[in-house]
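Participant: Structure file final_1.cif (mmCIF, C-alpha atoms and all ligand atoms) is given on the next line.
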data_run
loop_
_atom_site.group_PDB
_atom_site.id
_atom_site.type_symbol
_atom_site.label_atom_id
_atom_site.label_comp_id
_atom_site.auth_asym_id
_atom_site.auth_seq_id
_atom_site.Cartn_x
_atom_site.Cartn_y
_atom_site.Cartn_z
ATOM 1 C CA MET D 666 8.782 -32.284 19.730
ATOM 2 C CA MET D 667 5.100 -31.779 18.896
ATOM 3 C CA LYS D 668 4.458 -29.043 16.371
ATOM 4 C CA LYS D 669 1.816 -26.746 17.842
ATOM 5 C CA TYR D 670 2.225 -23.370 16.224
ATOM 6 C CA LEU D 671 2.289 -21.365 12.999
ATOM 7 C CA ILE D 672 3.976 -17.987 12.735
ATOM 8 C CA GLY D 673 2.664 -15.320 10.341
ATOM 9 C CA ILE D 674 4.839 -12.265 9.706
ATOM 10 C CA ASP D 675 3.685 -9.184 7.785
ATOM 11 C CA VAL D 676 6.810 -7.195 6.915
ATOM 12 C CA GLY D 677 5.768 -3.617 6.256
ATOM 13 C CA GLY D 678 7.733 -0.458 5.516
ATOM 14 C CA THR D 679 7.323 0.940 9.040
ATOM 15 C CA ALA D 680 6.390 -2.054 11.210
ATOM 16 C CA ILE D 681 6.793 -5.812 11.246
ATOM 17 C CA LYS D 682 3.691 -7.571 12.565
ATOM 18 C CA ILE D 683 4.341 -11.001 14.021
ATOM 19 C CA GLY D 684 1.464 -13.324 14.893
ATOM 20 C CA GLN D 685 1.606 -16.678 16.675
ATOM 21 C CA PHE D 686 -1.237 -19.048 15.774
ATOM 22 C CA ASP D 687 -2.291 -22.519 16.753
ATOM 23 C CA LEU D 688 -2.567 -25.100 13.961
ATOM 24 C CA ALA D 689 -6.269 -24.288 13.509
ATOM 25 C CA GLY D 690 -5.385 -20.664 12.779
ATOM 26 C CA VAL D 691 -6.456 -19.084 16.064
ATOM 27 C CA MET D 692 -4.212 -16.165 17.017
ATOM 28 C CA ILE D 693 -2.548 -16.712 20.382
ATOM 29 C CA ASN D 694 -0.148 -13.803 20.532
ATOM 30 C CA LYS D 695 1.003 -10.860 18.427
ATOM 31 C CA TRP D 696 3.851 -8.378 18.430
ATOM 32 C CA ASP D 697 4.905 -5.267 16.517
ATOM 33 C CA LEU D 698 8.555 -4.531 15.750
ATOM 34 C CA PRO D 699 9.860 -1.391 14.050
ATOM 35 C CA THR D 700 11.240 -2.071 10.560
ATOM 36 C CA ASN D 701 14.972 -1.399 10.505
ATOM 37 C CA LYS D 702 15.614 -0.268 6.943
ATOM 38 C CA THR D 703 19.216 0.858 7.500
ATOM 39 C CA ASP D 704 22.016 -0.719 5.411
ATOM 40 C CA CYS D 705 19.587 -1.642 2.608
ATOM 41 C CA GLY D 706 17.345 -3.525 5.031
ATOM 42 C CA GLN D 707 19.959 -6.216 5.707
ATOM 43 C CA HIS D 708 19.122 -6.346 9.455
ATOM 44 C CA ILE D 709 15.412 -7.083 8.952
ATOM 45 C CA LEU D 710 15.558 -10.892 8.708
ATOM 46 C CA PRO D 711 18.232 -11.343 11.435
ATOM 47 C CA GLU D 712 16.198 -9.124 13.802
ATOM 48 C CA ILE D 713 13.056 -11.187 13.158
ATOM 49 C CA SER D 714 14.968 -14.426 13.752
ATOM 50 C CA HIS D 715 16.450 -13.025 16.969
ATOM 51 C CA PHE D 716 13.006 -11.917 18.187
ATOM 52 C CA LEU D 717 11.463 -15.343 17.492
ATOM 53 C CA ASN D 718 14.272 -17.122 19.319
ATOM 54 C CA GLU D 719 13.759 -14.903 22.364
ATOM 55 C CA ASN D 720 9.960 -15.172 22.499
ATOM 56 C CA ILE D 721 8.827 -18.498 21.039
ATOM 57 C CA ASN D 722 9.984 -22.084 21.443
ATOM 58 C CA LEU D 723 10.807 -22.729 17.781
ATOM 59 C CA GLU D 724 10.889 -26.494 18.317
ATOM 60 C CA GLU D 725 7.092 -26.293 18.563
ATOM 61 C CA VAL D 726 6.736 -24.264 15.340
ATOM 62 C CA LYS D 727 5.558 -26.041 12.205
ATOM 63 C CA GLY D 728 6.111 -23.169 9.802
ATOM 64 C CA ILE D 729 6.893 -19.495 9.411
ATOM 65 C CA GLY D 730 5.155 -17.560 6.657
ATOM 66 C CA PHE D 731 6.023 -14.077 5.434
ATOM 67 C CA GLY D 732 4.130 -11.386 3.565
ATOM 68 C CA VAL D 733 6.412 -8.821 1.936
ATOM 69 C CA PRO D 734 5.742 -5.653 -0.098
ATOM 70 C CA GLY D 735 6.804 -6.533 -3.638
ATOM 71 C CA PRO D 736 6.489 -9.211 -6.312
ATOM 72 C CA VAL D 737 7.567 -12.680 -5.126
ATOM 73 C CA THR D 738 8.460 -15.782 -7.116
ATOM 74 C CA ALA D 739 9.867 -19.017 -5.718
ATOM 75 C CA GLY D 740 10.694 -17.482 -2.344
ATOM 76 C CA VAL D 741 12.501 -14.493 -3.855
ATOM 77 C CA ILE D 742 11.289 -10.897 -3.671
ATOM 78 C CA LYS D 743 12.275 -8.493 -6.438
ATOM 79 C CA ASN D 744 12.251 -4.733 -5.820
ATOM 80 C CA GLY D 745 11.284 -4.702 -2.145
ATOM 81 C CA VAL D 746 11.890 -0.945 -2.239
ATOM 82 C CA ASN D 747 9.730 -0.165 0.828
ATOM 83 C CA LEU D 748 12.150 -2.264 2.902
ATOM 84 C CA GLY D 749 15.340 -0.984 1.283
ATOM 85 C CA TRP D 750 15.631 -4.384 -0.435
ATOM 86 C CA ASP D 751 16.611 -5.065 -3.993
ATOM 87 C CA THR D 752 16.351 -8.792 -4.791
ATOM 88 C CA ILE D 753 16.356 -11.035 -1.694
ATOM 89 C CA ASP D 754 15.925 -14.795 -1.389
ATOM 90 C CA VAL D 755 13.737 -14.538 1.720
ATOM 91 C CA VAL D 756 13.187 -18.291 2.114
ATOM 92 C CA GLY D 757 16.881 -19.111 1.583
ATOM 93 C CA GLU D 758 18.238 -16.327 3.781
ATOM 94 C CA PHE D 759 15.768 -16.890 6.615
ATOM 95 C CA SER D 760 16.188 -20.682 6.576
ATOM 96 C CA LYS D 761 19.942 -20.161 7.081
ATOM 97 C CA LEU D 762 19.197 -18.168 10.237
ATOM 98 C CA LEU D 763 17.115 -20.973 11.766
ATOM 99 C CA THR D 764 18.740 -23.651 13.865
ATOM 100 C CA ASN D 765 15.607 -25.835 13.590
ATOM 101 C CA LYS D 766 15.879 -27.096 10.018
ATOM 102 C CA ASP D 767 12.463 -28.810 10.017
ATOM 103 C CA ILE D 768 10.514 -25.509 10.024
ATOM 104 C CA ILE D 769 8.701 -24.736 6.761
ATOM 105 C CA VAL D 770 9.439 -21.209 5.495
ATOM 106 C CA LYS D 771 7.287 -19.566 2.824
ATOM 107 C CA VAL D 772 6.913 -16.051 1.464
ATOM 108 C CA SER D 773 4.397 -14.290 -0.717
ATOM 109 C CA ASN D 774 3.353 -10.789 -1.692
ATOM 110 C CA ASP D 775 1.639 -8.799 1.099
ATOM 111 C CA ALA D 776 -1.604 -8.175 -0.811
ATOM 112 C CA ASN D 777 -1.792 -11.863 -1.700
ATOM 113 C CA VAL D 778 -1.308 -12.978 1.906
ATOM 114 C CA ALA D 779 -4.018 -10.519 2.995
ATOM 115 C CA ALA D 780 -6.364 -12.339 0.593
ATOM 116 C CA ALA D 781 -5.265 -15.624 2.161
ATOM 117 C CA GLY D 782 -5.933 -14.173 5.622
ATOM 118 C CA GLU D 783 -9.491 -13.220 4.769
ATOM 119 C CA THR D 784 -9.952 -16.730 3.375
ATOM 120 C CA PHE D 785 -8.348 -18.424 6.389
ATOM 121 C CA CYS D 786 -10.163 -16.549 9.145
ATOM 122 C CA GLY D 787 -12.075 -13.571 7.767
ATOM 123 C CA ALA D 788 -14.849 -12.570 5.377
ATOM 124 C CA ALA D 789 -14.232 -15.399 2.888
ATOM 125 C CA GLN D 790 -13.912 -18.240 5.374
ATOM 126 C CA GLY D 791 -15.121 -21.482 3.818
ATOM 127 C CA TYR D 792 -14.725 -20.324 0.206
ATOM 128 C CA GLN D 793 -12.268 -21.869 -2.244
ATOM 129 C CA ASN D 794 -12.210 -19.136 -4.901
ATOM 130 C CA VAL D 795 -11.699 -15.638 -3.582
ATOM 131 C CA CYS D 796 -10.683 -12.251 -4.930
ATOM 132 C CA LEU D 797 -9.669 -9.498 -2.497
ATOM 133 C CA PHE D 798 -9.481 -5.827 -3.449
ATOM 134 C CA THR D 799 -7.557 -3.750 -0.902
ATOM 135 C CA ILE D 800 -8.553 -0.145 -1.488
ATOM 136 C CA GLY D 801 -6.268 2.244 0.366
ATOM 137 C CA THR D 802 -3.746 4.786 -0.889
ATOM 138 C CA GLY D 803 -3.450 2.424 -3.850
ATOM 139 C CA VAL D 804 -5.459 -0.607 -4.935
ATOM 140 C CA GLY D 805 -3.898 -3.976 -4.093
ATOM 141 C CA GLY D 806 -5.329 -7.368 -4.746
ATOM 142 C CA GLY D 807 -4.996 -11.057 -4.224
ATOM 143 C CA ILE D 808 -6.618 -14.085 -5.805
ATOM 144 C CA ILE D 809 -7.112 -17.549 -4.300
ATOM 145 C CA ILE D 810 -8.210 -20.380 -6.579
ATOM 146 C CA MET D 811 -9.059 -23.838 -5.259
ATOM 147 C CA GLY D 812 -7.680 -22.680 -1.909
ATOM 148 C CA LYS D 813 -4.300 -21.685 -3.378
ATOM 149 C CA LEU D 814 -2.740 -18.269 -3.835
ATOM 150 C CA VAL D 815 -2.150 -17.203 -7.427
ATOM 151 C CA ASP D 816 1.311 -15.581 -7.421
ATOM 152 C CA GLY D 817 1.915 -15.993 -11.148
ATOM 153 C CA HIS D 818 5.063 -15.967 -13.264
ATOM 154 C CA ASP D 819 6.473 -12.675 -11.936
ATOM 155 C CA GLY D 820 4.632 -12.607 -8.626
ATOM 156 C CA MET D 821 2.194 -10.144 -10.166
ATOM 157 C CA GLY D 822 -0.856 -12.413 -9.918
ATOM 158 C CA GLY D 823 -3.887 -10.568 -8.565
ATOM 159 C CA GLU D 824 -2.447 -7.083 -9.187
ATOM 160 C CA VAL D 825 -5.890 -5.760 -10.037
ATOM 161 C CA GLY D 826 -4.928 -2.160 -9.179
ATOM 162 C CA HIS D 827 -3.113 -1.787 -12.482
ATOM 163 C CA MET D 828 -5.915 -2.932 -14.746
ATOM 164 C CA LEU D 829 -6.453 -0.227 -17.328
ATOM 165 C CA VAL D 830 -10.020 0.932 -16.730
ATOM 166 C CA ASP D 831 -9.958 4.677 -17.435
ATOM 167 C CA GLN D 832 -9.671 4.647 -21.214
ATOM 168 C CA LYS D 833 -9.205 8.432 -21.221
ATOM 169 C CA ARG D 834 -6.041 7.898 -19.151
ATOM 170 C CA ARG D 835 -6.522 11.112 -17.209
ATOM 171 C CA PHE D 836 -4.291 10.409 -14.207
ATOM 172 C CA LEU D 837 -0.743 9.086 -13.907
ATOM 173 C CA CYS D 838 -0.221 5.926 -11.813
ATOM 174 C CA ASN D 839 2.738 5.090 -9.524
ATOM 175 C CA CYS D 840 3.581 2.258 -11.916
ATOM 176 C CA GLY D 841 4.405 4.739 -14.691
ATOM 177 C CA LYS D 842 1.296 4.081 -16.792
ATOM 178 C CA SER D 843 -1.892 6.106 -16.662
ATOM 179 C CA GLY D 844 -5.518 5.023 -16.484
ATOM 180 C CA CYS D 845 -4.969 2.213 -13.937
ATOM 181 C CA LEU D 846 -7.825 1.292 -11.560
ATOM 182 C CA GLU D 847 -5.703 2.764 -8.766
ATOM 183 C CA THR D 848 -5.809 6.245 -10.388
ATOM 184 C CA VAL D 849 -9.613 6.427 -10.242
ATOM 185 C CA ALA D 850 -10.736 4.107 -7.415
ATOM 186 C CA SER D 851 -8.147 4.232 -4.590
ATOM 187 C CA ALA D 852 -8.360 6.930 -1.901
ATOM 188 C CA THR D 853 -5.982 8.923 -4.103
ATOM 189 C CA GLY D 854 -8.100 8.184 -7.184
ATOM 190 C CA ILE D 855 -11.315 9.270 -5.474
ATOM 191 C CA ILE D 856 -9.656 12.590 -4.604
ATOM 192 C CA ASN D 857 -8.449 12.876 -8.243
ATOM 193 C CA LEU D 858 -12.052 12.602 -9.453
ATOM 194 C CA ALA D 859 -13.423 14.904 -6.743
ATOM 195 C CA LYS D 860 -11.005 17.673 -7.693
ATOM 196 C CA LEU D 861 -11.892 17.239 -11.342
ATOM 197 C CA TYR D 862 -15.677 17.442 -10.880
ATOM 198 C CA ARG D 863 -16.213 19.815 -7.954
ATOM 199 C CA ILE D 864 -15.513 22.923 -10.056
ATOM 200 C CA GLU D 865 -18.623 22.119 -12.100
ATOM 201 C CA ASP D 866 -20.919 22.824 -9.164
ATOM 202 C CA PRO D 867 -19.944 25.677 -6.798
ATOM 203 C CA THR D 868 -22.653 24.571 -4.322
ATOM 204 C CA SER D 869 -21.023 21.151 -3.766
ATOM 205 C CA LYS D 870 -19.690 20.798 -0.228
ATOM 206 C CA LEU D 871 -16.510 19.372 -1.721
ATOM 207 C CA ASN D 872 -15.554 22.978 -2.608
ATOM 208 C CA ARG D 873 -15.365 23.949 1.056
ATOM 209 C CA TYR D 874 -12.141 22.072 1.687
ATOM 210 C CA ASP D 875 -8.619 22.548 0.339
ATOM 211 C CA ARG D 876 -7.570 19.103 1.485
ATOM 212 C CA LEU D 877 -10.041 16.422 0.508
ATOM 213 C CA SER D 878 -10.107 12.829 1.723
ATOM 214 C CA ALA D 879 -11.900 9.797 0.317
ATOM 215 C CA LYS D 880 -13.842 9.593 3.595
ATOM 216 C CA MET D 881 -15.218 13.127 3.078
ATOM 217 C CA VAL D 882 -16.317 12.229 -0.438
ATOM 218 C CA PHE D 883 -18.175 9.150 0.848
ATOM 219 C CA ASP D 884 -19.696 11.039 3.778
ATOM 220 C CA PHE D 885 -21.028 13.817 1.503
ATOM 221 C CA ALA D 886 -22.260 11.253 -1.021
ATOM 222 C CA LYS D 887 -24.249 9.503 1.730
ATOM 223 C CA LYS D 888 -25.827 12.887 2.530
ATOM 224 C CA GLY D 889 -26.798 13.392 -1.117
ATOM 225 C CA ASP D 890 -24.167 15.852 -2.359
ATOM 226 C CA ARG D 891 -24.563 15.578 -6.138
ATOM 227 C CA ILE D 892 -20.863 15.862 -7.071
ATOM 228 C CA ALA D 893 -19.735 13.532 -4.271
ATOM 229 C CA LEU D 894 -22.297 10.970 -5.464
ATOM 230 C CA ARG D 895 -21.060 11.305 -9.031
ATOM 231 C CA VAL D 896 -17.490 10.639 -7.839
ATOM 232 C CA VAL D 897 -18.542 7.597 -5.779
ATOM 233 C CA ASP D 898 -20.658 6.250 -8.649
ATOM 234 C CA GLU D 899 -17.779 6.603 -11.081
ATOM 235 C CA ALA D 900 -15.110 5.106 -8.777
ATOM 236 C CA THR D 901 -17.340 2.146 -7.872
ATOM 237 C CA ASN D 902 -18.248 1.740 -11.525
ATOM 238 C CA TYR D 903 -14.554 1.156 -12.310
ATOM 239 C CA LEU D 904 -14.326 -1.324 -9.418
ATOM 240 C CA ALA D 905 -17.426 -3.128 -10.682
ATOM 241 C CA TYR D 906 -15.947 -3.290 -14.168
ATOM 242 C CA ALA D 907 -12.663 -4.695 -12.773
ATOM 243 C CA CYS D 908 -14.634 -7.329 -10.797
ATOM 244 C CA SER D 909 -16.501 -8.334 -13.950
ATOM 245 C CA LEU D 910 -13.192 -8.873 -15.776
ATOM 246 C CA VAL D 911 -11.832 -10.959 -12.883
ATOM 247 C CA THR D 912 -15.058 -12.990 -12.987
ATOM 248 C CA LEU D 913 -14.538 -13.873 -16.636
ATOM 249 C CA VAL D 914 -10.985 -15.049 -15.948
ATOM 250 C CA VAL D 915 -11.240 -16.977 -12.663
ATOM 251 C CA ASN D 916 -14.935 -16.850 -11.643
ATOM 252 C CA PRO D 917 -14.490 -16.335 -7.872
ATOM 253 C CA ASP D 918 -17.189 -17.338 -5.357
ATOM 254 C CA ILE D 919 -16.741 -14.106 -3.454
ATOM 255 C CA PHE D 920 -15.214 -10.639 -3.764
ATOM 256 C CA VAL D 921 -13.862 -9.212 -0.507
ATOM 257 C CA ILE D 922 -13.343 -5.449 -0.306
ATOM 258 C CA GLY D 923 -10.801 -4.224 2.261
ATOM 259 C CA GLY D 924 -8.408 -1.345 2.938
ATOM 260 C CA GLY D 925 -9.105 2.101 4.421
ATOM 261 C CA VAL D 926 -11.747 3.040 1.832
ATOM 262 C CA SER D 927 -13.794 -0.029 2.806
ATOM 263 C CA TYR D 928 -14.728 1.725 6.067
ATOM 264 C CA ALA D 929 -17.375 3.415 3.873
ATOM 265 C CA GLY D 930 -19.177 0.149 4.626
ATOM 266 C CA GLN D 931 -22.202 -1.473 3.033
ATOM 267 C CA PHE D 932 -22.863 1.714 1.019
ATOM 268 C CA LEU D 933 -19.642 0.980 -0.931
ATOM 269 C CA ILE D 934 -20.458 -2.729 -1.368
ATOM 270 C CA ASP D 935 -23.980 -1.956 -2.641
ATOM 271 C CA LYS D 936 -22.620 0.533 -5.193
ATOM 272 C CA ILE D 937 -20.067 -1.968 -6.547
ATOM 273 C CA GLU D 938 -22.471 -4.921 -6.551
ATOM 274 C CA SER D 939 -25.320 -3.140 -8.339
ATOM 275 C CA GLN D 940 -23.024 -1.908 -11.123
ATOM 276 C CA TYR D 941 -21.224 -5.255 -11.406
ATOM 277 C CA TYR D 942 -24.406 -6.862 -12.709
ATOM 278 C CA GLN D 943 -24.509 -4.378 -15.590
ATOM 279 C CA TYR D 944 -21.160 -5.702 -16.824
ATOM 280 C CA VAL D 945 -20.973 -9.365 -16.075
ATOM 281 C CA THR D 946 -22.378 -11.969 -18.423
ATOM 282 C CA PRO D 947 -25.836 -13.254 -17.437
ATOM 283 C CA PHE D 948 -24.604 -16.877 -17.510
ATOM 284 C CA ILE D 949 -22.639 -16.357 -14.303
ATOM 285 C CA SER D 950 -24.378 -17.092 -11.048
ATOM 286 C CA HIS D 951 -24.616 -14.629 -8.197
ATOM 287 C CA ALA D 952 -21.128 -13.724 -6.861
ATOM 288 C CA LYS D 953 -21.008 -12.564 -3.271
ATOM 289 C CA PHE D 954 -19.565 -9.226 -2.203
ATOM 290 C CA ALA D 955 -18.393 -8.720 1.376
ATOM 291 C CA LEU D 956 -16.413 -6.280 3.491
ATOM 292 C CA ALA D 957 -13.044 -7.504 4.782
ATOM 293 C CA GLN D 958 -13.085 -8.422 8.478
ATOM 294 C CA LEU D 959 -9.474 -8.612 9.636
ATOM 295 C CA GLY D 960 -8.294 -5.038 8.981
ATOM 296 C CA ASN D 961 -4.509 -4.697 9.176
ATOM 297 C CA GLU D 962 -4.168 -8.143 10.782
ATOM 298 C CA ALA D 963 -5.111 -9.912 7.534
ATOM 299 C CA GLY D 964 -1.448 -10.077 6.495
ATOM 300 C CA MET D 965 -0.413 -11.996 9.631
ATOM 301 C CA TYR D 966 -3.282 -14.465 9.266
ATOM 302 C CA GLY D 967 -2.515 -15.018 5.591
ATOM 303 C CA ALA D 968 1.223 -15.318 6.103
ATOM 304 C CA ALA D 969 0.513 -18.127 8.579
ATOM 305 C CA TYR D 970 -2.030 -19.700 6.180
ATOM 306 C CA GLN D 971 0.796 -20.409 3.722
ATOM 307 C CA VAL D 972 2.437 -22.827 6.162
ATOM 308 C CA ARG D 973 -0.694 -24.350 7.722
HETATM 309 ZN ZN ZN D 1001 -0.581 1.408 -12.510
#
Translate the structure described by the file into structure tokens.
Facilitator:
Amino acid sequence: MMKKYLIGIDVGGTAIKIGQFDLAGVMINKWDLPTNKTDCGQHILPEISHFLNENINLEEVKGIGFGVPGPVTAGVIKNGVNLGWDTIDVVGEFSKLLTNKDIIVKVSNDANVAAAGETFCGAAQGYQNVCLFTIGTGVGGGIIIMGKLVDGHDGMGGEVGHMLVDQKRRFLCNCGKSGCLETVASATGIINLAKLYRIEDPTSKLNRYDRLSAKMVFDFAKKGDRIALRVVDEATNYLAYACSLVTLVVNPDIFVIGGGVSYAGQFLIDKIESQYYQYVTPFISHAKFALAQLGNEAGMYGAAYQVR
């Protein structure tokens, strides 16, 4: 039978997002399933397979791509702790569940597939060399070179959030180190800096709140609050520095900035871009900076992109 569709599946800790696409990458349908993490997550893949069988004619499916939270190499995820998984051969296990043996199955890290999604159908459409920074609770990343995802030896390719940028190593990271980009530039990192600096100026509006958010810091910075501006300048300075390092390694055409913090908009992009040019070598031509466009659907688009 004619192959007409691609399936992109973003397996998250609370929800599984399933997207059905045509071969050109246009989304036709999408569904959300709750993630069943009981029994060490062993029901997740069978439940996905069951759902697909019920809702899609798999004979018309060319490929099924997955994005999963954890490092992936050769179809195998290691330490998928958010799913209750230890080491799982996603491609092998899922292929066994399929009765149609001609369907391509691929899997990659969720941040990497988000980068692929933005390249396939979002902010970086038409570019071959792309670096995505996803700035949310943490800082994730993904790198595409010559149109291909860079997963790397341990599936840690593009893990820009753990670049050591704060040489003073003031804040501890989830990875066990301190000084990572994530500790000073994620939503959590921005709050770290705000708490550190607000005591220096009792008139800063940041002192009016017990519970700070990155959005508050950006909103006050846009209104000219001196401490909030200092925090934004410092956080974006670290991001700019990280972008300059990425540039010297893989020289991307475009940097895409996504995740919850990116709702700060063009203000955030302008801050990163202006500081980037203080770091990067003058021999490198103008890199583009853009806001991500697909929001939390990027993973589905990118998961499908793997099997296009
Ligand atoms: Zn780290």
Participant: Nearest to Thr700 (chain D) among D:Leu814, D:Val921, D:Ile721, D:Val676, with distances taken over only C-alpha atoms: which residue is it?
Facilitator: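 Checking each of D:Leu814, D:Val921, D:Ile721, D:Val676 against Thr700 (chain D), counting only C-alpha atoms, the winner is D:Val676.
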Participant: Which is closer to Ala852 (chain D) than all the others in D:Thr802, D:Asn765, D:Ser950, D:Ser760, using all atoms listed in the file?
Facilitator: D:Thr802
Participant: Between CA of Gln943 (chain D) and CA of Lys860 (chain D), what distance in Å does the model show, to one decimal?
Facilitator: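 Interatomic distance here is 27.0 Å.
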Participant: Each residue of chain D lying at most 10 Å from ligand ZN 1001 (chain D) should get a row with its shortest atom-to-atom pair and the distance in Å to one decimal, counting all atoms listed in the file; could you produce that, ordered by chain and increasing number, as JSON lines?
Facilitator:
{"residue": "D:Gly803", "atom": "CA", "partner": "D:ZN1001", "partner_atom": "ZN", "distance": 9.2}
{"residue": "D:Val804", "atom": "CA", "partner": "D:ZN1001", "partner_atom": "ZN", "distance": 9.2}
{"residue": "D:Glu824", "atom": "CA", "partner": "D:ZN1001", "partner_atom": "ZN", "distance": 9.3}
{"residue": "D:Val825", "atom": "CA", "partner": "D:ZN1001", "partner_atom": "ZN", "distance": 9.3}
{"residue": "D:Gly826", "atom": "CA", "partner": "D:ZN1001", "partner_atom": "ZN", "distance": 6.5}
{"residue": "D:His827", "atom": "CA", "partner": "D:ZN1001", "partner_atom": "ZN", "distance": 4.1}
{"residue": "D:Met828", "atom": "CA", "partner": "D:ZN1001", "partner_atom": "ZN", "distance": 7.2}
{"residue": "D:Leu829", "atom": "CA", "partner": "D:ZN1001", "partner_atom": "ZN", "distance": 7.8}
{"residue": "D:Phe836", "atom": "CA", "partner": "D:ZN1001", "partner_atom": "ZN", "distance": 9.9}
{"residue": "D:Leu837", "atom": "CA", "partner": "D:ZN1001", "partner_atom": "ZN", "distance": 7.8}
{"residue": "D:Cys838", "atom": "CA", "partner": "D:ZN1001", "partner_atom": "ZN", "distance": 4.6}
{"residue": "D:Asn839", "atom": "CA", "partner": "D:ZN1001", "partner_atom": "ZN", "distance": 5.8}
{"residue": "D:Cys840", "atom": "CA", "partner": "D:ZN1001", "partner_atom": "ZN", "distance": 4.3}
{"residue": "D:Gly841", "atom": "CA", "partner": "D:ZN1001", "partner_atom": "ZN", "distance": 6.4}
{"residue": "D:Lys842", "atom": "CA", "partner": "D:ZN1001", "partner_atom": "ZN", "distance": 5.4}
{"residue": "D:Ser843", "atom": "CA", "partner": "D:ZN1001", "partner_atom": "ZN", "distance": 6.4}
{"residue": "D:Gly844", "atom": "CA", "partner": "D:ZN1001", "partner_atom": "ZN", "distance": 7.3}
{"residue": "D:Cys845", "atom": "CA", "partner": "D:ZN1001", "partner_atom": "ZN", "distance": 4.7}
{"residue": "D:Leu846", "atom": "CA", "partner": "D:ZN1001", "partner_atom": "ZN", "distance": 7.3}
{"residue": "D:Glu847", "atom": "CA", "partner": "D:ZN1001", "partner_atom": "ZN", "distance": 6.5}
{"residue": "D:Thr848", "atom": "CA", "partner": "D:ZN1001", "partner_atom": "ZN", "distance": 7.4}
Participant: Counting all atoms listed in the file, select every polymer residue within 9 Å of (-20.5, -7.2, -9.5) as defined in the file's coordinates, and provide the selection as a list of chain:residue names.
Facilitator: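 Returned residue set, sorted by chain then number, is D:Leu904, D:Ala905, D:Tyr906, D:Ala907, D:Cys908, D:Ser909, D:Thr912, D:Phe920, D:Ile937, D:Glu938, D:Ser939, D:Gln940, D:Tyr941, D:Tyr942, D:Gln943, D:Tyr944, D:Val945, D:His951, D:Ala952, D:Lys953, D:Phe954.
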Participant: Please dump the current selection as a short mmCIF file (atom, residue, chain, number, x, y, z; two decimals), in the frame of the given file; keep C-alpha atoms.
Facilitator:
data_model
loop_
_atom_site.label_atom_id
_atom_site.label_comp_id
_atom_site.auth_asym_id
_atom_site.auth_seq_id
_atom_site.Cartn_x
_atom_site.Cartn_y
_atom_site.Cartn_z
CA LEU D 904 -14.33 -1.32 -9.42
CA ALA D 905 -17.43 -3.13 -10.68
CA TYR D 906 -15.95 -3.29 -14.17
CA ALA D 907 -12.66 -4.70 -12.77
CA CYS D 908 -14.63 -7.33 -10.80
CA SER D 909 -16.50 -8.33 -13.95
CA THR D 912 -15.06 -12.99 -12.99
CA PHE D 920 -15.21 -10.64 -3.76
CA ILE D 937 -20.07 -1.97 -6.55
CA GLU D 938 -22.47 -4.92 -6.55
CA SER D 939 -25.32 -3.14 -8.34
CA GLN D 940 -23.02 -1.91 -11.12
CA TYR D 941 -21.22 -5.26 -11.41
CA TYR D 942 -24.41 -6.86 -12.71
CA GLN D 943 -24.51 -4.38 -15.59
CA TYR D 944 -21.16 -5.70 -16.82
CA VAL D 945 -20.97 -9.36 -16.08
CA HIS D 951 -24.62 -14.63 -8.20
CA ALA D 952 -21.13 -13.72 -6.86
CA LYS D 953 -21.01 -12.56 -3.27
CA PHE D 954 -19.57 -9.23 -2.20
#
Participant: Can you pull out every residue within 10 Å of Arg863 (chain D), counting all atoms listed in the file, but drop anything in the same chain fewer than 4 positions away, and send it as a list in words?
Facilitator: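 Once the adjacent positions are removed, what remains is Leu858, Ala859, Pro867, Thr868, Ser869, Lys870, Leu871, Asn872, Arg873, Arg891, Ile892, Ala893, Arg895 and Val896 of chain D.
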Participant: Mind checking which residues fall within 12 Å of region 707-716 of chain D, counting all atoms listed in the file, ignoring those fewer than 2 positions away in the same chain, and posting them as a PyMOL selection string?
Facilitator: chain D and resi 672-684+696-705+718-723+729+731+733+745+748-765
Participant: Just so the selection is clear, what residues does the PyMOL selection byres (((chain D and resi 815) around 12) and not hetatm) cover here, as a PyMOL selection string?
Facilitator: chain D and resi 736-738+773-774+776-778+780-781+794-797+806-814+816-824+915+971
Participant: Would you compute, for all listed atoms of region 754-767 of chain D, the axis-aligned bounding box grown by 3 Å on each side, and then report its centre and edge lengths in Å rounded to one decimal, as lines of an AutoDock Vina configuration file?
Facilitator:
center_x = 16.2
center_y = -21.7
center_z = 6.2
size_x = 13.5
size_y = 20.3
size_z = 21.3
Participant: Could you tell me how far CA of Asp890 (chain D) lies from CA of Tyr862 (chain D), in Å and to one decimal?
Facilitator: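 Taking CA of Asp890 (chain D) as the start and CA of Tyr862 (chain D) as the end point, the length is 12.1 Å.
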Participant: Of the candidates D:Ala968, D:Ala957, D:Val770, D:Ala886, which one gets nearest to Phe932 (chain D) if we count only C-alpha atoms?
Facilitator: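 Closest to Phe932 (chain D) of all the choices is D:Ala886.
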Participant: Distance CA of Gly964 (chain D)-CA of Ala850 (chain D), one decimal place?
Facilitator: 21.9 Å
